[in-house]
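S.K.: I'd like to ask you about the structure that follows.
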Amino acid sequence: MCGIVGYIGYQQAFPILVKGLRRLEYRGYDSAGVAMIDEQGELNVWKTKGKVDDLVDYCRDKNVTGTIGIAHTRWATHGEPSSMNAHPHYSESKNLAIIHNGIIENYATLKTKLMEKGVTFRSDTDTEVMVQLVEYIQEKKNLDLLTAVQLALHEVIGAYAIALIDKRDPDQIIAARKQSPLVVGIGDNEFFLGSDATPIVEYTDKVVYLEDGNIAVIRRGEELRVVNILNRQLNPEIQTVDINLGQLEKGGFPHFMLKEIFEQPECLTNCMRGRVNVDRDNVVLSAVIDYKQQLLKAKRFIIVACGTSWHAGLIGKQMIESLCRIPVEVEYASEFRYRNPVITKDDVVIAISQSGETADTLAAVKLAKDNGAFIYGICNAIGSSIPRSTDTGSYIHVGPEIGVASTKAFTGQVTVLSMLALALAKEKGTVDRDDYLALLREMHEIPSKMEMVLKQNNRIADLSRTFTYAHNFLYLGRGYNYPVALEGALKLKEISYIHAEGYPAAEMKHGPIALIDSDMPVVVIATHNAMYEKVLSNIQEVKARKGKVIAIVSQGDTTISNIADEVIELPDTIECLEPLLATIPLQLLAYHVAVCKGKDVDQPRNLAKSVTVE
């Protein structure tokens with residue numbers, strides 16, 4: 001969950017590395033550093049605790065010249081955030097420097113062996129073990145850097161994306177990956193390296209996504225060479241990335257999170273473009289067309305995901321079961337991969353991940369494939385590991401999401417799951433034609449209804465000030481809106497650090513009601529659907545105990561408006577599509593509460609965007 005940047009070419013590396021780190025700071029931001037070889041052949045490593053701006057300040061009086069360099073922004077795993085533990089790490093001789101994303105699981109064993117051989121360590125990290133091991137092998141056997149890296153990787157257990165430079169060979173970067181993303185950008189007589197394409201697209205649209213086990217040999221003035229750990233030559237595919245640089249900027253918004261909340265109407269339009277065809281009355285997903293038999297013969301769907309994507313999966317479960325009459329299980333990928341689950345060739349496993357690099361979800365995909373299941377991926381990041389590992393799938397096409405707390409990716413995932421349910425239901429003949437057409441046409445209207453909800457932003461900002469005092473929140477919903485309650489609670493705790501829980505409203509009486517008092521705000525999704533009367537009763541129970549109620553209601557509701565302390569109205573829509581509208585005021589509520597509390601909403605403490613380690 002760290003950000004890796006590299007450059008080799010004819011330009012000064014430092015400005016490129018720093019700009020790349022800023023693009024990747026959503027992946028980690030507790031420390032940062034750079035390593036560069038200057039014109040005199042010196043390998044300089046500058047690093048500090050804090051964010052990229054702290055690194056820039058630290059380097060103001062340092063020698064940051066050179067046309068080759070690697071850089072890193074960290075999310076701590078081994079060793080607390082500190083200048084000592086920040087990357088890059090020198091080897092003992094200071095001839096080598098390394099940056100690393102991932103976890104070396106057997107680092108303690110390797111470290112003990114190296115210390116017994118007289119190697120001295122400067123940090124508490126697993127990463128330093130890697131560079132010390134490479135140097136030990138290199139010096140003991142008098143090898144070049146590539147061969148030493150290959151031999152070292154034979155001894156390493158774990159996940160990694162690494163990049164190394166050697167001051168004795170200032171025209172080369174060696175980079176390798178296993179279960180952690182790494183991208184090489186190919187420019188005009190220059191190369192770029194990144195954890196993803198965001199630090200690269202400003203300079204080139206030609207990239208190579210390294211596969212597991214790939215080692216890139218990046219030499220100045222030569223073609224990119226990719227080999228494996230056994231030194232077999234590989235032929236990587238050069239791909240063209242299509243990311244608008246403007247998508248990576250804030251566009252006048254104070255934070256990426258608010259920008260991304262407001263982008264959702266356009267994002268869902270893009271997500272549905274070419275797929276939801278109102279004129280022809282159909283939903284078209286290429287995956288359903290190309291793999292119709294595998295999907296239709298499935299006896300069970302299993303959705304595997306983490307965090308926000310798991311919440312989207314809960315909504316997808318209800319839609320697929322309701323429309324397609326196929327049983328669906330929703331699993332935390334982190335639990336699924338370790339509990340010896342029953343998986344058969346008659347199962348379809350749907351893997352959902354915004355980044356496409358989520359370590360637990362990737363491991364769940366591998367487990368399911370090994371057991372013969374058909375794998376369907378739902379992802380945002382084109383070219384990432386999950387799309388390359390699955391049999392088929394659908395991109396959500398919502399554009400880069402920079403804010404750590406997911407917003408538009410969630411609604412994009414729910415939209416793709418909705419389209420998948422509709423497309424499959426039509427093929428299976430399990431949905432009434434009138435219901436199918438009503439859903440299809442309503443999906444087309446969702447973006448404009450989202451815009452109506454977003455117009456309440458200023459009012460939500462005002463009411464948020466009232467609740468910054470709270471230490472706990474309770475979120476309640478039923479049916480399709482229970483996962484929305486979970487997601488709303490997650491957003492609040494992620495960025496405001498207020499403890500929040502989401503519950504099925506009917507379960508409140510089975511424990512959580514004990515928490516209700518005048519200091520406990522309760523957010524209730526109480527739209528006018530089949531559960532309305534039951535949720536109304538829950539609100540009355542909260543008010544009877546002097547709880548403060550923020551109610552999300554359907555437009556024109558007068559009953560709950562007379563009971564709740566605060567009301568946010570939503571345009572009417574079909575019940576199964578309500579999550580797409582109901583989640584927006586909860587995103588805005590979390591955002592504005594966090595802003596009022598002075599929190600860093602884009603980069604909340606202890607979190608990183610792409611969870612590429614366990």
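Quick note on naming: the chains in the structure tokens go A, B, ... in the order shown, residues restart at 1 in each chain, and ligands are numbered from 1 in order of appearance.
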Need to verify the contact set: Glu427 in chain A, 9 Å, only C-alpha atoms, exclusion of same-chain residues closer than 4 positions in sequence. Can you return it as a list of chain:residue names?
M.R.: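 In the requested form, the answer reads A:Val288, A:Lys292, A:Leu296, A:Leu422, A:Ala423.
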S.K.: Distance table requested - range 339-446 of chain A against range 267-270 of chain A, cut-off 8 Å, only C-alpha atoms: one row per qualifying residue with the closest atom pair and its distance in Å to one decimal, ordered by chain and rising residue number, as a Markdown table.
M.R.:
| residue | atom | partner | partner_atom | distance |
| --- | --- | --- | --- | --- |
| A:His397 | CA | A:Asn270 | CA | 6.4 |
| A:Val398 | CA | A:Cys267 | CA | 4.7 |
| A:Gly399 | CA | A:Cys267 | CA | 7.4 |
| A:Lys408 | CA | A:Cys267 | CA | 7.2 |
| A:Thr411 | CA | A:Leu268 | CA | 7.5 |
| A:Gly412 | CA | A:Leu268 | CA | 6.2 |
| A:Thr415 | CA | A:Leu268 | CA | 7.3 |
| A:His444 | CA | A:Thr269 | CA | 7.9 |
S.K.: Go ahead and write the selection's residues with all heavy atoms as a CSV table (one decimal), in the first residue's frame.
M.R.:
chain,number,residue,atom,x,y,z
A,397,HIS,N,-15.7,2.0,-15.1
A,397,HIS,CA,-15.4,3.3,-15.9
A,397,HIS,C,-15.8,4.5,-15.2
A,397,HIS,O,-16.5,5.4,-15.8
A,397,HIS,CB,-16.2,3.2,-17.3
A,397,HIS,CG,-15.7,2.1,-18.2
A,397,HIS,ND1,-14.3,2.0,-18.6
A,397,HIS,CD2,-16.3,1.1,-18.8
A,397,HIS,CE1,-14.2,1.0,-19.4
A,397,HIS,NE2,-15.3,0.4,-19.5
A,398,VAL,N,-15.4,4.7,-14.0
A,398,VAL,CA,-15.7,6.0,-13.3
A,398,VAL,C,-14.5,6.9,-13.2
A,398,VAL,O,-14.6,8.0,-12.6
A,398,VAL,CB,-16.3,5.7,-11.9
A,398,VAL,CG1,-17.6,4.9,-11.9
A,398,VAL,CG2,-15.3,5.0,-11.0
A,399,GLY,N,-13.4,6.5,-13.8
A,399,GLY,CA,-12.2,7.4,-13.8
A,399,GLY,C,-11.5,7.2,-12.5
A,399,GLY,O,-11.9,6.6,-11.5
A,408,LYS,N,-17.4,7.4,-5.7
A,408,LYS,CA,-17.9,7.1,-7.0
A,408,LYS,C,-17.6,5.6,-7.4
A,408,LYS,O,-18.4,5.0,-8.2
A,408,LYS,CB,-17.3,8.0,-8.1
A,408,LYS,CG,-15.8,8.0,-8.3
A,408,LYS,CD,-15.4,9.0,-9.3
A,408,LYS,CE,-13.8,9.0,-9.5
A,408,LYS,NZ,-13.4,9.9,-10.6
A,411,THR,N,-20.7,3.6,-6.1
A,411,THR,CA,-21.9,3.7,-7.0
A,411,THR,C,-21.7,3.1,-8.3
A,411,THR,O,-22.6,2.5,-9.0
A,411,THR,CB,-22.4,5.1,-7.1
A,411,THR,OG1,-21.3,6.0,-7.5
A,411,THR,CG2,-23.0,5.6,-5.8
A,412,GLY,N,-20.4,3.1,-8.9
A,412,GLY,CA,-20.1,2.4,-10.1
A,412,GLY,C,-20.3,0.9,-10.0
A,412,GLY,O,-20.8,0.3,-10.9
A,415,THR,N,-23.9,0.0,-9.9
A,415,THR,CA,-24.5,0.1,-11.2
A,415,THR,C,-24.1,-1.1,-12.1
A,415,THR,O,-25.0,-1.6,-12.8
A,415,THR,CB,-24.0,1.4,-11.9
A,415,THR,OG1,-24.4,2.5,-11.1
A,415,THR,CG2,-24.6,1.6,-13.3
A,444,HIS,N,-31.5,4.8,-16.4
A,444,HIS,CA,-31.1,5.9,-17.3
A,444,HIS,C,-31.4,7.2,-16.6
A,444,HIS,O,-30.7,8.2,-16.9
A,444,HIS,CB,-31.9,5.8,-18.6
A,444,HIS,CG,-31.5,6.7,-19.7
A,444,HIS,ND1,-32.1,7.9,-19.9
A,444,HIS,CD2,-30.4,6.7,-20.5
A,444,HIS,CE1,-31.5,8.6,-20.9
A,444,HIS,NE2,-30.5,7.9,-21.3
S.K.: Check range 297-372 of chain A with DSSP on the backbone and list each residue it calls helix (DSSP H, G or I), as a VMD selection string.
M.R.: chain A and resid 307 to 324 333 to 336 359 to 370
S.K.: What does the distance between CA of Asn85 in chain A and CA of Arg122 in chain A come to in Å, to one decimal place?
M.R.: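 So the two atoms, CA of Asn85 in chain A and CA of Arg122 in chain A, lie 8.3 Å apart.
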S.K.: Rounded to one decimal, what separation in Å do you get between CA of Lys47 in chain A and CA of Thr73 in chain A?
M.R.: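 It comes out at 9.6 Å.
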S.K.: Of the candidates A:Lys19, A:Arg273, A:Lys117, A:Arg388, which shows the shortest atom-to-atom distance to Tyr209 in chain A, using only C-alpha atoms?
M.R.: A:Arg388
S.K.: Find the spatial neighbours of Thr583 in chain A, counting only C-alpha atoms, within a cut-off of 9 Å - ignore same-chain residues fewer than 2 positions away - and output them as a list in words.
M.R.: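 Near neighbours after the sequence-gap exclusion: Thr407, Thr411, Asn481, Val484, Ala485, Glu487, Gly488, Glu578, Pro579, Leu580, Leu581, Pro585, Leu586, Gln587 and Leu588 of chain A.
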S.K.: Under the rule that only C-alpha atoms are counted, which of A:Gly158, A:Gly102, A:Gly479, A:Pro15 is the nearest residue to Ile68 in chain A?
M.R.: A:Pro15
S.K.: Leaving out Leu515 in chain A and any residue of its chain fewer than 5 positions from it, which residues lie within 12 Å of it when counting only C-alpha atoms, given as number ranges by chain?
M.R.: A: 471-474, 500-501, 508-510, 520-522, 542, 545-547
S.K.: To one decimal place, how far is CA of Lys51 in chain A from CA of Ser195 in chain A in Å?
M.R.: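 Spanning CA of Lys51 in chain A to CA of Ser195 in chain A is a straight-line distance of 17.3 Å.
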S.K.: Would you pick out the contacts of range 523-531 of chain A at 6 Å or less, using only C-alpha atoms, so that residues sharing its chain but fewer than 5 positions from it are not included, and give the list as an MDAnalysis selection string?
M.R.: chainID A and resid 475:477 549:554
S.K.: Restricting it to N, CA and C atoms, dump the selection as a compact mmCIF listing (two decimals), in the first residue's frame.
M.R.:
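The new file again-v2.txt reads:
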# COMPACT_ATOMS: atom_id res chain seq x y z
N TYR A 475 -26.27 3.98 12.22
CA TYR A 475 -26.90 4.07 10.90
C TYR A 475 -27.84 2.88 10.74
N LEU A 476 -29.07 3.15 10.35
CA LEU A 476 -30.08 2.10 10.23
C LEU A 476 -30.68 2.08 8.83
N GLY A 477 -30.89 0.89 8.30
CA GLY A 477 -31.57 0.73 7.02
C GLY A 477 -32.11 -0.68 6.92
N VAL A 549 -32.35 12.15 15.38
CA VAL A 549 -32.57 11.40 14.14
C VAL A 549 -32.32 12.27 12.92
N ILE A 550 -31.43 11.78 12.04
CA ILE A 550 -31.26 12.34 10.70
C ILE A 550 -31.89 11.33 9.75
N ALA A 551 -32.96 11.72 9.09
CA ALA A 551 -33.72 10.78 8.26
C ALA A 551 -33.52 11.08 6.78
N ILE A 552 -33.25 10.04 6.02
CA ILE A 552 -33.19 10.12 4.56
C ILE A 552 -34.54 9.62 4.06
N VAL A 553 -35.34 10.51 3.49
CA VAL A 553 -36.74 10.18 3.16
C VAL A 553 -37.01 10.44 1.68
N SER A 554 -38.15 9.94 1.22
CA SER A 554 -38.59 10.21 -0.14
C SER A 554 -39.16 11.62 -0.23
S.K.: Would you write out, as CSV, a table of all residues in range 383-495 of chain A that have an atom no more than 6 Å from an atom of range 362-376 of chain A, listing for each the closest atom pair and the distance in Å to one decimal, considering only C-alpha atoms and ordering rows by chain and rising residue number?
M.R.:
residue,atom,partner,partner_atom,distance
A:Thr390,CA,A:Ile375,CA,5.1
A:Asp391,CA,A:Ile375,CA,5.2
A:Thr392,CA,A:Tyr376,CA,5.1
A:Gly393,CA,A:Tyr376,CA,4.6
S.K.: Neighbouring residues of Tyr136 in chain A were defined as those with any atom within 9 Å, considering only C-alpha atoms; residues of the same chain fewer than 6 positions away were excluded. Please report them as a list in words.
M.R.: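 Result of the neighbour search: Leu114, Val119 and Ala148 of chain A.
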S.K.: Could you pull out the residues in range 276-363 of chain A that DSSP calls strand (DSSP E or B) from the backbone, as JSON, numbers by chain?
M.R.: {"A": [276, 277, 282, 283, 300, 301, 302, 303, 304, 305, 328, 329, 330, 331, 332, 347, 348, 349, 350, 351, 352, 353]}
S.K.: Lys167 in chain A: which residues within 10 Å, counting only C-alpha atoms, same-chain residues fewer than 4 positions away excluded, as an MDAnalysis selection string?
M.R.: chainID A and resid 36:38 40:44 94:97 171:172
S.K.: Which is closest to Ile229 in chain A among A:Asp346, A:His154, A:Tyr26, A:Val208, if we use only C-alpha atoms?
M.R.: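 For Ile229 in chain A, the nearest of the candidates is A:His154.
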